[in-house]
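What follows is one structure encoded as structure tokens, with my remarks underneath.
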Amino acid sequence: MIKRLSDHVLVPRHEVVSREEEAQVLTKLGVEKEKLPVILESDPSAMEVKAKKGDLVRIVRKSPTAGETIYYRRVVG
Amino acid sequence: MLTKRIEAIEFAVLSPDMIRKMSAIEIKVPDTYDKDGYPMEEGLMDPHLGVINPSLRCKTCGQKMKQCPGHFGSMELVRPVIHPKFSKNLETLLMATCRECGRIVLKDEQLKDIIDATKDRSLDDRVKILVKKTKAKQKCPQCNAERKQILLDKPTNFFHDKDRIYPTQIREWVEKIPSKDLELFGYEAERIRPEWFILTVLQVPPITIRPSITLDTGIKSEDDLTHKLVDVIRINARLKDNIEAGAPQLIIEDLWDLLQYHVTTYFDNNSAGVPPAKHRSGRSLRTLVQRLKGKKGRFRYNLTGKRVNYAARTIVTPDPFLSINEVGVPKEIANDLTIPEYVTTFNLEQFKKDIKNTNRVIYVTRPNGLRKKVGDLNKDEIIAELELGCKIERVLEDGDIVLFNRQPSLHRLSMMAHTVKVMPDRTIHMNPTVCRPYNADFDGDEMNLHVPQTAEGKAEARELMYVQDQIISPRHGGPVITLMEDGVSGLFLLTLKSTEFTPAEAMNFFYEIGLTDIPKPDRGKNYSGRLVFSQILPKNFNIEFPSYTSRLLLQAGLIADPKEDKEFDSYVRIENGKLVTGIIDQAALGEGTGRIIDVLAREYPKDVLEKFYRDTNRLAVYMVTRTGITVGLDEFEPSETVLRAKEDAVREELLEAEELVRKLKSNQLEPIPGRQVQESFEIYMLRLGAKQKSKVEKQIISEKIREVIGRPRPKYNTTTMILSGARGGMTNLTNLMGLWGQASVREGRPRRGYKKRLITINKPGDVGAIAGGFIQHNFMEGMKVREYFYHSMGGRQGEVDTGVSTKVSGYLYRRLANSLKDLVVNYDGTVRTANKNIIQLVYGEDGVFPAKTKRGKVDIKELLRRSTQKEK
């Protein structure tokens, strides 16, 4: 039995980005926060990492083209 | 660019008052024109409704045709009728409300419960629940009035417990519904009242949307909508007369129904339960809904379907003597399409001469915007007026850039820029090498030409879309514009070890490619085909790789290592632009793999490859016409050894199958893990069939290869095509001269048929090889009845599959393309939508553009080699 979603091989790693780091990330990407893709607060993976509306979620995925890629999604209600 | 954001769109229903206020004039007369041909006052063509005559001014707004938008009129209906498109809405309201008090027939607390329960649900859900709870109520809890069942006889007849209720009564009913109850149904009572669903006054659309057409004979023909409106007015007038004359109720009701019919068909002439209104000729009328709906409707036909000028379309035919960059444009088309050019000091005199002596210039536009067509009569006048700043429109000529396209445009390569070559024929000509990206063939395919009209357009097409810049596919990073079929066969034949020409023969080849620097013969007095081929390679070209043929040879076990192949010389080695050993085939030229094309496209200036294709086309065409690629039946006559191999295979098949059946019947069959015994049996049978077929195939390959390579001249052409990779595979040959093997339907042996057997020739319960669809004959021998039947089952499936999969995948692709078409890779490397929302932070997650890669991979070694080379 899978107790946590993140234990499943096909679920990529989600983590909440701290406020301080968030500013860094956004400047590094050179991107406005509201243009980022969204994730629902009620998304099972978001709920698991207790992401709240307004947070930034970092998703580390395995990618067939790039090995591992980092993706950011903005949490919305 | 000015951008405005639409905050909201509000839809509402026009109230009768609003219709009257919007109305420019009330229409009362059923006729359109009087006997002198002038529009009737207060008629359907009243000039207050807008102008369609360019010289007249609108009586309402005073503007001319182009400025006047047209104006609505109105028509008072003597008796109200139901708007057919709102009868469903009326039905729900009537079912849920009380005829006496107009309230929803629920107690206040019940109503509140429903509101609370459906807070998070959709409006439709709430309405559904409301109707469900109310429609069977016998009594109104608000006023204690009795209720009866409401029935809608589509589209517009309402019955209240079997008694017909008329629009006037319905109107009285719904007028009573209070605003707060209406809001529960989603109507904002300020904007929409249900009584407006019943028409008391009808809008008459402006004549601009229903123009009359004057035929050549001078007879005026009216639009379908006008015809329908005439009907409405006529019946309305008759109803009025009858009411005023005090006619019996029955006659009035009949006329009322007739009025309802005409109004219904005016809105929708195809609604259920209503016979469509017909034209005198029997054609049904195209009224409002028909104008908008479906494939030929306003949305799909006029708004989504764009049409363009400066375009041409005809059948395409192949022409290997054109460059891949060129397109042969028929003279008739070239003389019709135009390109604008501006008169400067440099070309003024030339244009004057052209206008005088040729038909090159079609239009001249003076700087003040006056446009004149050049004709024999006004030539001299136009020449005299020609000055700097004039714009002339000239005919399409050699060297112009045009876009060439074939539908379905699934690709960026489905539309590429070509250079025009004006030709005498009546079809568009193209080099057969560019068939692949367009997916064109010449069995009647038509293709489109578009002529860019501005300098920017031409430059963009030339720099971004030119054929020679598209050789490497953005899909897989290998060549897509490649030689096909005869091109491959031709070079294969040319570069066989055995191909040799006398000097006289060789000169023909050199002539074909325009070679003046004739090399020395390399085989005594003769030239080898490989030397001839080497002439079209760049002098500093080096590459080595195994040919397609050598892979087949390896498979057939005729050689151990391609590199060491001395017998057939199949391993390709090109040293300093000279083909030392090797056969040029699919591996050198083909799609995705073509090694020579790949290197030429990446490492040499673009015109090198263009020249290479020009030359290969000539060589291949000459080679193939000289040899002739044709098929004789003797090619498929199996040899003794093949026959023996086949007999063995069939015997083994039958024996082993019998053994399998025996095991199955006696329950000794070992099931495949995860499968039932019966399933396993089927799989074993399939594998057995495939095994036996491959045995025969192997024998055929090994014999056929020798009949093509390793002898002075290839004996057989089907095999030539297979070995070069131009067309077909070894299975095709086996099907012709070996055996078909196991027939298959849906990835298994044929199963559907009679009870316990497929066809009546079989014994019931027979699951053996022959009863299960093993075909031991081939196309040359012909099949036995039962084999033929099984083969046809498989064939039918193939046919169905191609039909279904093109349909399904086409639609899937369309959905995908439509959703992705606005995504753009921005300068910061992100992929964004049209309103700049991010889809990917880096394109493709790795930022790699496949067209710049080697078959999808970034070749670091190669990049390093090249960058260090440059430093030296």
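By order of appearance in the structure tokens: chains A, B, ..., then residues from 1 within every chain, and ligands from 1 in the order shown.
Near chain A, within 8 Å and using only C-alpha atoms, the residues of chain B are Lys836, Asn837, Ile838, Ile839, Gln840, Leu841, Gly844, Glu845 and Asp846 of chain B.
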Export, as a JSON list (two decimals), in the first residue's frame, the selected residues with all heavy atoms.
[["chain", "number", "residue", "atom", "x", "y", "z"],
["B", 836, "LYS", "N", 1.39, 35.55, -22.46],
["B", 836, "LYS", "CA", 2.68, 35.50, -21.76],
["B", 836, "LYS", "C", 2.68, 34.67, -20.49],
["B", 836, "LYS", "O", 3.55, 34.83, -19.64],
["B", 836, "LYS", "CB", 3.17, 36.93, -21.45],
["B", 836, "LYS", "CG", 3.45, 37.77, -22.69],
["B", 836, "LYS", "CD", 4.64, 37.24, -23.47],
["B", 836, "LYS", "CE", 4.80, 37.98, -24.80],
["B", 836, "LYS", "NZ", 5.32, 37.13, -25.85],
["B", 837, "ASN", "N", 1.72, 33.76, -20.33],
["B", 837, "ASN", "CA", 1.82, 32.83, -19.23],
["B", 837, "ASN", "C", 2.82, 31.74, -19.58],
["B", 837, "ASN", "O", 2.87, 31.29, -20.72],
["B", 837, "ASN", "CB", 0.45, 32.19, -18.95],
["B", 837, "ASN", "CG", -0.48, 33.16, -18.26],
["B", 837, "ASN", "OD1", -0.04, 34.00, -17.48],
["B", 837, "ASN", "ND2", -1.76, 33.08, -18.60],
["B", 838, "ILE", "N", 3.57, 31.34, -18.58],
["B", 838, "ILE", "CA", 4.65, 30.39, -18.84],
["B", 838, "ILE", "C", 4.12, 28.96, -18.95],
["B", 838, "ILE", "O", 3.28, 28.53, -18.16],
["B", 838, "ILE", "CB", 5.72, 30.48, -17.74],
["B", 838, "ILE", "CG1", 6.41, 31.84, -17.85],
["B", 838, "ILE", "CG2", 6.73, 29.35, -17.84],
["B", 838, "ILE", "CD1", 7.35, 32.13, -16.74],
["B", 839, "ILE", "N", 4.59, 28.25, -19.94],
["B", 839, "ILE", "CA", 4.29, 26.83, -20.06],
["B", 839, "ILE", "C", 5.51, 26.01, -19.65],
["B", 839, "ILE", "O", 5.42, 25.07, -18.89],
["B", 839, "ILE", "CB", 3.88, 26.47, -21.51],
["B", 839, "ILE", "CG1", 2.61, 27.22, -21.90],
["B", 839, "ILE", "CG2", 3.69, 24.97, -21.66],
["B", 839, "ILE", "CD1", 1.38, 26.82, -21.13],
["B", 840, "GLN", "N", 6.66, 26.39, -20.20],
["B", 840, "GLN", "CA", 7.90, 25.73, -19.80],
["B", 840, "GLN", "C", 8.94, 26.82, -19.51],
["B", 840, "GLN", "O", 8.99, 27.84, -20.19],
["B", 840, "GLN", "CB", 8.44, 24.86, -20.94],
["B", 840, "GLN", "CG", 7.73, 23.52, -21.05],
["B", 840, "GLN", "CD", 8.28, 22.68, -22.19],
["B", 840, "GLN", "OE1", 8.81, 23.21, -23.16],
["B", 840, "GLN", "NE2", 8.15, 21.38, -22.07],
["B", 841, "LEU", "N", 9.76, 26.60, -18.51],
["B", 841, "LEU", "CA", 10.80, 27.58, -18.19],
["B", 841, "LEU", "C", 11.92, 27.52, -19.21],
["B", 841, "LEU", "O", 12.56, 28.51, -19.51],
["B", 841, "LEU", "CB", 11.33, 27.34, -16.78],
["B", 841, "LEU", "CG", 10.31, 27.69, -15.69],
["B", 841, "LEU", "CD1", 10.69, 27.08, -14.37],
["B", 841, "LEU", "CD2", 10.18, 29.20, -15.56],
["B", 844, "GLY", "N", 11.35, 22.58, -24.11],
["B", 844, "GLY", "CA", 11.58, 21.14, -24.12],
["B", 844, "GLY", "C", 12.32, 20.64, -22.90],
["B", 844, "GLY", "O", 12.82, 19.52, -22.89],
["B", 845, "GLU", "N", 12.41, 21.47, -21.86],
["B", 845, "GLU", "CA", 13.09, 21.16, -20.60],
["B", 845, "GLU", "C", 14.60, 21.10, -20.74],
["B", 845, "GLU", "O", 15.32, 21.08, -19.77],
["B", 845, "GLU", "CB", 12.58, 19.85, -19.97],
["B", 845, "GLU", "CG", 11.09, 19.94, -19.62],
["B", 845, "GLU", "CD", 10.55, 18.66, -19.03],
["B", 845, "GLU", "OE1", 11.11, 17.59, -19.29],
["B", 845, "GLU", "OE2", 9.53, 18.75, -18.32],
["B", 846, "ASP", "N", 15.10, 21.05, -21.98],
["B", 846, "ASP", "CA", 16.55, 21.03, -22.14],
["B", 846, "ASP", "C", 17.03, 22.13, -23.07],
["B", 846, "ASP", "O", 18.22, 22.28, -23.31],
["B", 846, "ASP", "CB", 17.02, 19.66, -22.66],
["B", 846, "ASP", "CG", 16.32, 19.29, -23.96],
["B", 846, "ASP", "OD1", 15.55, 20.12, -24.49],
["B", 846, "ASP", "OD2", 16.54, 18.17, -24.44]]
Find the residues near region 588-595 of chain B: any atom within 7 Å, counting only C-alpha atoms, skip ones fewer than 5 places away on the same chain, and give them as a PyMOL selection string.
chain B and resi 478-480+482-483+547
Selection above as a file: N, CA, C and O atoms, as a compact mmCIF listing (two decimals), in the first residue's frame:
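The resulting selection_34.txt:
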# COMPACT_ATOMS: atom_id res chain seq x y z
N GLY B 478 17.01 14.58 -38.36
CA GLY B 478 17.66 13.92 -39.50
C GLY B 478 17.08 14.49 -40.78
O GLY B 478 16.13 15.26 -40.74
N PRO B 479 17.64 14.11 -41.94
CA PRO B 479 17.12 14.67 -43.19
C PRO B 479 15.68 14.24 -43.49
O PRO B 479 15.34 13.09 -43.26
N VAL B 480 14.84 15.17 -43.95
CA VAL B 480 13.48 14.81 -44.41
C VAL B 480 13.32 15.01 -45.89
O VAL B 480 12.40 14.45 -46.49
N THR B 482 14.57 14.03 -49.01
CA THR B 482 15.50 12.97 -49.43
C THR B 482 15.05 12.36 -50.74
O THR B 482 13.90 12.47 -51.12
N LEU B 483 15.97 11.68 -51.38
CA LEU B 483 15.62 10.94 -52.59
C LEU B 483 14.66 9.82 -52.23
O LEU B 483 14.73 9.27 -51.15
N SER B 547 26.40 0.41 -45.43
CA SER B 547 25.22 0.69 -46.26
C SER B 547 24.04 -0.15 -45.79
O SER B 547 24.20 -1.11 -45.03
State, in Å with one decimal place, the distance from CA of Phe789 (chain B) to CA of Arg757 (chain B).
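Interatomic distance here is 13.4 Å.
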Neighbours of Val57 (chain A) within 12 Å (only C-alpha atoms; same-chain residues fewer than 4 positions away dropped), as a ChimeraX atom specification?
/A:12-19,21-22,25,33,36-41,43,45-53,70-76
Please, what distance in Å, to one decimal, runs between CA of Asp565 (chain B) and CA of Ser489 (chain B)?
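Separation of CA of Asp565 (chain B) and CA of Ser489 (chain B): 21.1 Å.
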To test your reading of the structure, identify every residue in region 36-131 of chain B that backbone DSSP assigns to strand (DSSP E or B), and report it as a CSV table (one decimal) with N, CA and C atoms, in the first residue's frame.
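Saved result, states01.csv, follows:
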chain,number,residue,atom,x,y,z
B,39,PRO,N,-38.9,50.5,-54.1
B,39,PRO,CA,-39.3,49.8,-52.8
B,39,PRO,C,-40.5,50.5,-52.2
B,73,GLY,N,-36.0,47.2,-38.4
B,73,GLY,CA,-37.4,47.6,-38.4
B,73,GLY,C,-38.2,46.8,-37.4
B,74,SER,N,-39.5,47.0,-37.4
B,74,SER,CA,-40.3,46.1,-36.5
B,74,SER,C,-41.6,45.8,-37.1
B,75,MET,N,-42.3,44.9,-36.5
B,75,MET,CA,-43.6,44.4,-37.1
B,75,MET,C,-44.4,44.1,-35.9
B,76,GLU,N,-45.6,44.7,-35.7
B,76,GLU,CA,-46.5,44.4,-34.6
B,76,GLU,C,-47.3,43.1,-34.9
B,77,LEU,N,-47.2,42.2,-34.1
B,77,LEU,CA,-48.0,40.9,-34.3
B,77,LEU,C,-49.4,41.1,-33.6
B,78,VAL,N,-50.4,40.8,-34.4
B,78,VAL,CA,-51.8,40.9,-33.9
B,78,VAL,C,-52.0,40.1,-32.6
B,79,ARG,N,-51.5,38.9,-32.7
B,79,ARG,CA,-51.6,38.0,-31.6
B,79,ARG,C,-50.2,37.5,-31.2
B,80,PRO,N,-49.8,37.4,-30.0
B,80,PRO,CA,-48.5,37.0,-29.6
B,80,PRO,C,-48.2,35.6,-30.0
B,81,VAL,N,-46.9,35.3,-30.4
B,81,VAL,CA,-46.5,33.9,-30.6
B,81,VAL,C,-45.3,33.6,-29.8
B,82,ILE,N,-45.0,32.3,-29.6
B,82,ILE,CA,-43.9,32.0,-28.8
B,82,ILE,C,-42.6,32.0,-29.7
B,97,THR,N,-43.8,26.8,-11.6
B,97,THR,CA,-44.6,27.9,-11.0
B,97,THR,C,-46.1,27.7,-11.0
B,104,ILE,N,-42.9,29.9,-7.3
B,104,ILE,CA,-42.4,28.6,-7.4
B,104,ILE,C,-43.3,27.7,-6.4
